[in-house]
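Visitor: File data.cif below, mmCIF, C-alpha atoms:
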```
data_model
loop_
_atom_site.label_atom_id
_atom_site.label_comp_id
_atom_site.auth_asym_id
_atom_site.auth_seq_id
_atom_site.Cartn_x
_atom_site.Cartn_y
_atom_site.Cartn_z
CA MET A 29 -12.19 17.54 10.81
CA THR A 30 -12.67 14.06 9.40
CA THR A 31 -11.97 10.94 11.41
CA ALA A 32 -8.81 10.19 9.43
CA GLU A 33 -7.53 13.74 9.87
CA ASP A 34 -8.23 13.61 13.59
CA ILE A 35 -6.33 10.34 14.03
CA ALA A 36 -3.45 11.76 12.00
CA THR A 37 -3.01 14.58 14.55
CA ARG A 38 -2.68 12.04 17.38
CA ILE A 39 -0.09 9.67 15.92
CA LEU A 40 2.93 9.40 18.23
CA TYR A 41 4.81 6.83 16.14
CA GLU A 42 4.18 4.90 12.94
CA ASP A 43 6.16 2.52 10.75
CA ASN A 44 5.34 -0.56 8.66
CA HIS A 45 4.74 -2.65 11.77
CA PHE A 46 3.18 -0.43 14.45
CA ILE A 47 1.17 2.69 15.04
CA ILE A 48 0.98 4.39 18.45
CA ILE A 49 -1.88 6.80 19.17
CA ASN A 50 -2.53 9.34 21.92
CA LYS A 51 -5.89 8.12 23.18
CA ARG A 52 -8.52 10.51 24.49
CA PRO A 53 -10.16 9.75 27.87
CA SER A 54 -13.60 9.05 26.36
CA GLU A 55 -12.43 6.45 23.84
CA ILE A 56 -12.59 2.67 24.14
CA VAL A 57 -9.65 0.79 22.63
CA GLN A 58 -11.69 -2.24 21.50
CA GLY A 59 -15.39 -2.73 20.91
CA ASP A 60 -17.52 -3.55 23.96
CA LYS A 61 -21.16 -3.88 25.00
CA THR A 62 -21.71 -0.10 24.71
CA GLY A 63 -21.59 -0.36 20.93
CA ASP A 64 -19.51 2.83 20.72
CA ALA A 65 -17.00 3.05 17.88
CA PRO A 66 -13.65 1.88 19.30
CA LEU A 67 -10.32 3.58 18.66
CA SER A 68 -9.14 0.45 16.84
CA GLU A 69 -11.82 0.93 14.17
CA LEU A 70 -11.01 4.64 13.79
CA VAL A 71 -7.34 3.78 13.27
CA LYS A 72 -8.30 1.14 10.70
CA GLU A 73 -10.29 3.76 8.82
CA TYR A 74 -7.31 6.13 8.91
CA LEU A 75 -5.01 3.43 7.50
CA LYS A 76 -7.53 2.48 4.83
CA ILE A 77 -7.76 6.08 3.61
CA LYS A 78 -4.07 6.99 3.94
CA TYR A 79 -2.80 3.92 2.10
CA SER A 80 -5.79 3.52 -0.25
CA LYS A 81 -6.35 -0.07 0.89
CA PRO A 82 -9.22 -1.65 -1.06
CA GLY A 83 -9.98 -4.55 1.28
CA LEU A 84 -10.03 -5.21 5.00
CA VAL A 85 -7.30 -3.56 7.06
CA PHE A 86 -5.44 -5.64 9.63
CA LEU A 87 -4.93 -3.98 13.00
CA GLY A 88 -3.94 -5.89 16.13
CA VAL A 89 -4.63 -4.50 19.61
CA VAL A 90 -1.35 -4.90 21.52
CA HIS A 91 -2.71 -3.72 24.88
CA ARG A 92 -5.68 -1.87 26.31
CA VAL A 93 -6.06 1.32 28.30
CA ASP A 94 -9.17 1.91 30.43
CA ARG A 95 -11.83 4.10 28.82
CA PRO A 96 -11.49 7.07 31.23
CA VAL A 97 -7.68 7.05 30.88
CA SER A 98 -5.71 8.93 28.20
CA GLY A 99 -2.34 8.42 26.54
CA CYS A 100 -0.18 5.95 24.60
CA VAL A 101 -1.84 2.96 22.94
CA ILE A 102 0.08 0.58 20.64
CA PHE A 103 -1.53 -1.13 17.66
CA ALA A 104 0.15 -3.63 15.34
CA LYS A 105 -0.23 -3.23 11.56
CA THR A 106 0.97 -6.77 10.78
CA ASP A 107 0.58 -10.28 12.22
CA LYS A 108 4.34 -10.42 12.65
CA GLY A 109 4.35 -7.16 14.59
CA LEU A 110 1.51 -8.30 16.84
CA SER A 111 3.09 -11.64 17.75
CA ARG A 112 6.47 -10.05 18.48
CA MET A 113 4.95 -7.27 20.56
CA ASN A 114 2.90 -9.82 22.50
CA LYS A 115 6.17 -11.55 23.36
CA LEU A 116 7.66 -8.28 24.62
CA ILE A 117 4.64 -7.80 26.86
CA HIS A 118 4.84 -11.39 28.11
CA ASP A 119 8.55 -10.95 28.87
CA ARG A 120 7.90 -7.56 30.52
CA GLU A 121 10.21 -5.78 28.12
CA ILE A 122 7.95 -2.78 27.56
CA LYS A 123 8.36 0.08 30.04
CA LYS A 124 5.10 1.92 30.70
CA THR A 125 5.07 5.18 32.63
CA TYR A 126 1.90 6.93 33.73
CA TRP A 127 1.04 10.31 35.23
CA ALA A 128 -1.64 10.39 37.93
CA VAL A 129 -3.20 13.41 39.62
CA VAL A 130 -4.26 12.84 43.23
CA LYS A 131 -5.77 15.13 45.87
CA ASN A 132 -4.05 13.72 48.94
CA LYS A 133 -0.34 13.97 49.61
CA PRO A 134 1.27 10.52 49.28
CA PRO A 135 2.70 9.05 52.49
CA LYS A 136 6.17 9.10 50.89
CA VAL A 137 7.63 11.26 48.14
CA GLU A 138 8.46 8.07 46.27
CA ASP A 139 7.91 4.40 47.01
CA ARG A 140 7.63 0.90 45.60
CA LEU A 141 4.19 -0.62 46.17
CA LEU A 142 3.69 -4.37 46.35
CA ASN A 143 0.12 -5.63 46.75
CA PHE A 144 -2.05 -8.55 45.74
CA LEU A 145 -5.13 -7.81 43.66
CA LEU A 146 -8.33 -9.75 43.09
CA LYS A 147 -10.62 -8.76 40.24
CA ASN A 148 -14.37 -8.74 40.77
CA GLU A 149 -15.76 -9.38 37.28
CA LYS A 150 -19.31 -8.30 38.15
CA GLN A 151 -18.19 -4.94 39.50
CA ASN A 152 -15.32 -4.55 37.02
CA LYS A 153 -13.15 -3.57 39.96
CA SER A 154 -9.98 -4.90 41.60
CA TYR A 155 -9.48 -5.17 45.36
CA LEU A 156 -6.35 -5.31 47.49
CA VAL A 157 -6.37 -8.68 49.25
CA LYS A 158 -4.07 -10.90 51.30
CA PRO A 159 -1.34 -12.76 49.38
CA ASN A 160 -2.95 -16.14 50.05
CA ALA A 161 -6.41 -15.12 48.79
CA ASP A 162 -7.73 -17.47 46.10
CA GLY A 163 -7.08 -15.96 42.66
CA ALA A 164 -4.94 -13.07 43.96
CA LEU A 165 -2.27 -11.71 41.59
CA LYS A 166 0.87 -9.84 42.58
CA ALA A 167 0.83 -6.17 41.60
CA GLU A 168 3.92 -4.00 41.75
CA LEU A 169 4.66 -0.41 40.78
CA ILE A 170 7.01 2.45 41.59
CA TYR A 171 5.70 5.99 42.09
CA LYS A 172 7.35 9.32 42.73
CA THR A 173 5.92 12.79 43.28
CA ILE A 174 6.97 15.04 40.42
CA GLY A 175 4.63 18.02 40.77
CA LYS A 176 2.21 19.94 42.94
CA SER A 177 -0.49 22.48 42.13
CA ASP A 178 -2.59 24.49 44.59
CA ASN A 179 -4.83 21.50 45.29
CA TYR A 180 -3.32 18.38 43.75
CA PHE A 181 -0.18 16.26 43.48
CA LEU A 182 1.23 14.82 40.25
CA LEU A 183 2.68 11.32 40.54
CA GLU A 184 4.80 9.49 37.97
CA VAL A 185 4.10 5.78 38.06
CA GLU A 186 6.14 3.00 36.49
CA LEU A 187 4.25 -0.27 36.13
CA LEU A 188 6.24 -3.38 36.98
CA THR A 189 3.28 -5.69 36.45
CA GLY A 190 0.15 -5.28 34.33
CA ARG A 191 -2.93 -6.02 36.40
CA HIS A 192 -6.54 -4.93 35.98
CA HIS A 193 -6.98 -1.36 37.32
CA GLN A 194 -3.64 -1.76 39.05
CA ILE A 195 -2.61 1.89 39.40
CA ARG A 196 -6.12 2.93 40.40
CA ALA A 197 -6.38 0.28 43.11
CA GLN A 198 -2.85 0.59 44.48
CA LEU A 199 -2.87 4.39 44.73
CA ALA A 200 -6.27 4.25 46.42
CA GLY A 201 -4.71 1.73 48.81
CA ILE A 202 -2.26 4.38 50.09
CA GLY A 203 -5.03 6.96 50.46
CA CYS A 204 -4.46 8.64 47.10
CA PRO A 205 -7.38 7.86 44.78
CA ILE A 206 -6.98 9.42 41.34
CA LYS A 207 -8.94 12.60 40.68
CA GLY A 208 -12.34 11.76 39.20
CA ASP A 209 -12.11 8.03 39.99
CA LEU A 210 -15.38 7.41 41.85
CA LYS A 211 -14.90 3.64 41.59
CA TYR A 212 -11.77 3.81 43.74
CA GLY A 213 -12.83 6.38 46.28
CA PHE A 214 -12.45 9.87 44.84
CA PRO A 215 -15.47 11.87 46.05
CA ARG A 216 -16.38 13.60 42.76
CA SER A 217 -16.36 12.66 39.12
CA ASN A 218 -14.73 14.79 36.43
CA PRO A 219 -17.21 16.66 34.18
CA ASP A 220 -16.21 14.58 31.14
CA ALA A 221 -16.27 11.26 33.09
CA SER A 222 -12.50 10.92 32.69
CA ILE A 223 -10.06 10.17 35.46
CA CYS A 224 -6.75 12.02 35.76
CA LEU A 225 -4.58 9.08 34.76
CA HIS A 226 -2.47 9.42 31.63
CA ALA A 227 -0.28 6.84 29.87
CA ARG A 228 2.63 9.27 29.51
CA SER A 229 5.31 7.15 27.86
CA ILE A 230 6.18 3.78 26.38
CA GLU A 231 9.72 2.47 25.85
CA PHE A 232 10.76 -0.73 24.10
CA VAL A 233 13.31 -2.16 21.70
CA HIS A 234 11.61 -2.48 18.33
CA PRO A 235 11.17 -6.24 17.83
CA VAL A 236 11.78 -6.05 14.08
CA LYS A 237 14.24 -3.14 13.63
CA ASN A 238 16.07 -3.69 16.93
CA GLU A 239 16.00 0.05 17.63
CA LYS A 240 15.06 1.68 20.95
CA ILE A 241 11.68 3.41 20.71
CA ILE A 242 10.64 6.04 23.26
CA VAL A 243 7.24 7.65 22.79
CA LEU A 244 5.77 10.51 24.85
CA ALA A 245 2.09 11.49 24.87
CA GLU A 246 0.98 14.97 25.88
CA PRO A 247 -1.76 14.94 28.54
CA PRO A 248 -5.29 16.21 27.80
CA ASP A 249 -5.58 19.90 27.00
CA ASN A 250 -7.31 21.18 30.12
CA SER A 251 -6.61 23.62 32.94
CA LEU A 252 -5.57 21.00 35.50
CA TRP A 253 -2.89 19.38 33.35
CA LYS A 254 -1.76 22.83 32.19
CA ALA A 255 -1.29 23.89 35.83
CA PHE A 256 1.31 21.16 36.25
CA ALA A 257 2.95 21.99 32.92
CA LYS A 258 3.69 25.50 34.22
CA LYS A 259 5.52 24.26 37.30
#
```
Step by step, read the file and then write its structure as structure tokens.
Guide:
Amino acid sequence: MTTAEDIATRILYEDNHFIIINKRPSEIVQGDKTGDAPLSELVKEYLKIKYSKPGLVFLGVVHRVDRPVSGCVIFAKTDKGLSRMNKLIHDREIKKTYWAVVKNKPPKVEDRLLNFLLKNEKQNKSYLVKPNADGALKAELIYKTIGKSDNYFLLEVELLTGRHHQIRAQLAGIGCPIKGDLKYGFPRSNPDASICLHARSIEFVHPVKNEKIIVLAEPPDNSLWKAFAKK
């Protein structure tokens, strides 16, 4: 399967302004020091081929999702789309819902978590700190338990703020590190170096068409996610 054909199978939404892709856990959204081909470049190549564009293809990265995480990623196909989507993000008018698989039972079936996070640039890791710590940022989310397998719990998480590694750090803070997330305290890595965190859905009012958009991304096709799908 060619790159363009592969991307085509993972499109969750596309119009003249935006394209939303179901990201795989191994992919980086933008180029980084690894030199690996980012998802943004693969999407550009898809657009170039599909629309027979002779020159450079514009594609704006609206937001990023960590490399080991899967799910919804929004890209803008126009400058206008990018600037308007950036405003929605700034105004917190995009609802992002994640699924997380954890080994330990959460202390409550559902809860609202409010913490303060401090990012350590060298370690590329965020820590829960006291509210008055220098550089600390408020992090808030809502989680609820929506599934259970023989060994794991499935949590649905709604982000109320968008901080670095927020879900990973906050769930670890209640004793529920995400499966495979060695950085935040899970004892074993997943074979494919992923973590079991999935950007399940994105909801927003289209900033150009003024229509409500709701996009759902299916989780990775493996036995663990399938076990929850059967429940």
Visitor: Can you translate the PyMOL selection byres ((chain A and resi 31) around 10) into the concrete residues it hits in this file, as number ranges by chain?
Guide: A: 29-30, 32-36, 70-71, 73-74
Visitor: Neighbouring residues of stretch 197-205 of chain A were defined as those with any atom within 12 Å, considering all atoms listed in the file; residues of the same chain fewer than 3 positions away were excluded. Please report them as a PyMOL selection string.
Guide: chain A and resi 127-136+138-147+152-157+166-173+180-185+187+189+191-194+208-217+223-225
Visitor: Can you list what the PyMOL selection byres ((chain A and resi 116) around 12) grabs from this structure, as a list in words?
Guide: Val90, His91, Gly109, Leu110, Ser111, Arg112, Met113, Asn114, Lys115, Ile117, His118, Asp119, Arg120, Glu121, Ile122, Lys123, Glu231, Phe232, Val233, His234, Pro235 and Val236 of chain A
Visitor: Please report the interatomic distance between atom CA of A:Lys108 and atom CA of A:Ile48 in Å with one decimal.
Guide: 16.3 Å
Visitor: Ranking A:Ala104, A:Leu84, A:Leu244, A:Leu252 by minimum distance to A:Ser177 and counting all atoms listed in the file, which one comes first?
Guide: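 Nearest candidate to A:Ser177 out of A:Ala104, A:Leu84, A:Leu244, A:Leu252: A:Leu252.
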Visitor: List the neighbours of A:Gly99 out to 7 Å using all atoms listed in the file; skip same-chain residues closer than 3 positions along the sequence, and give me the result as a ChimeraX atom specification.
Guide: /A:50-52,226-228,245,247
Visitor: So how many Å separate atom CA of A:Asn218 and atom CA of A:Ala65, to one decimal?
Guide: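 Rounded to one decimal, the two atoms are 22.1 Å apart.
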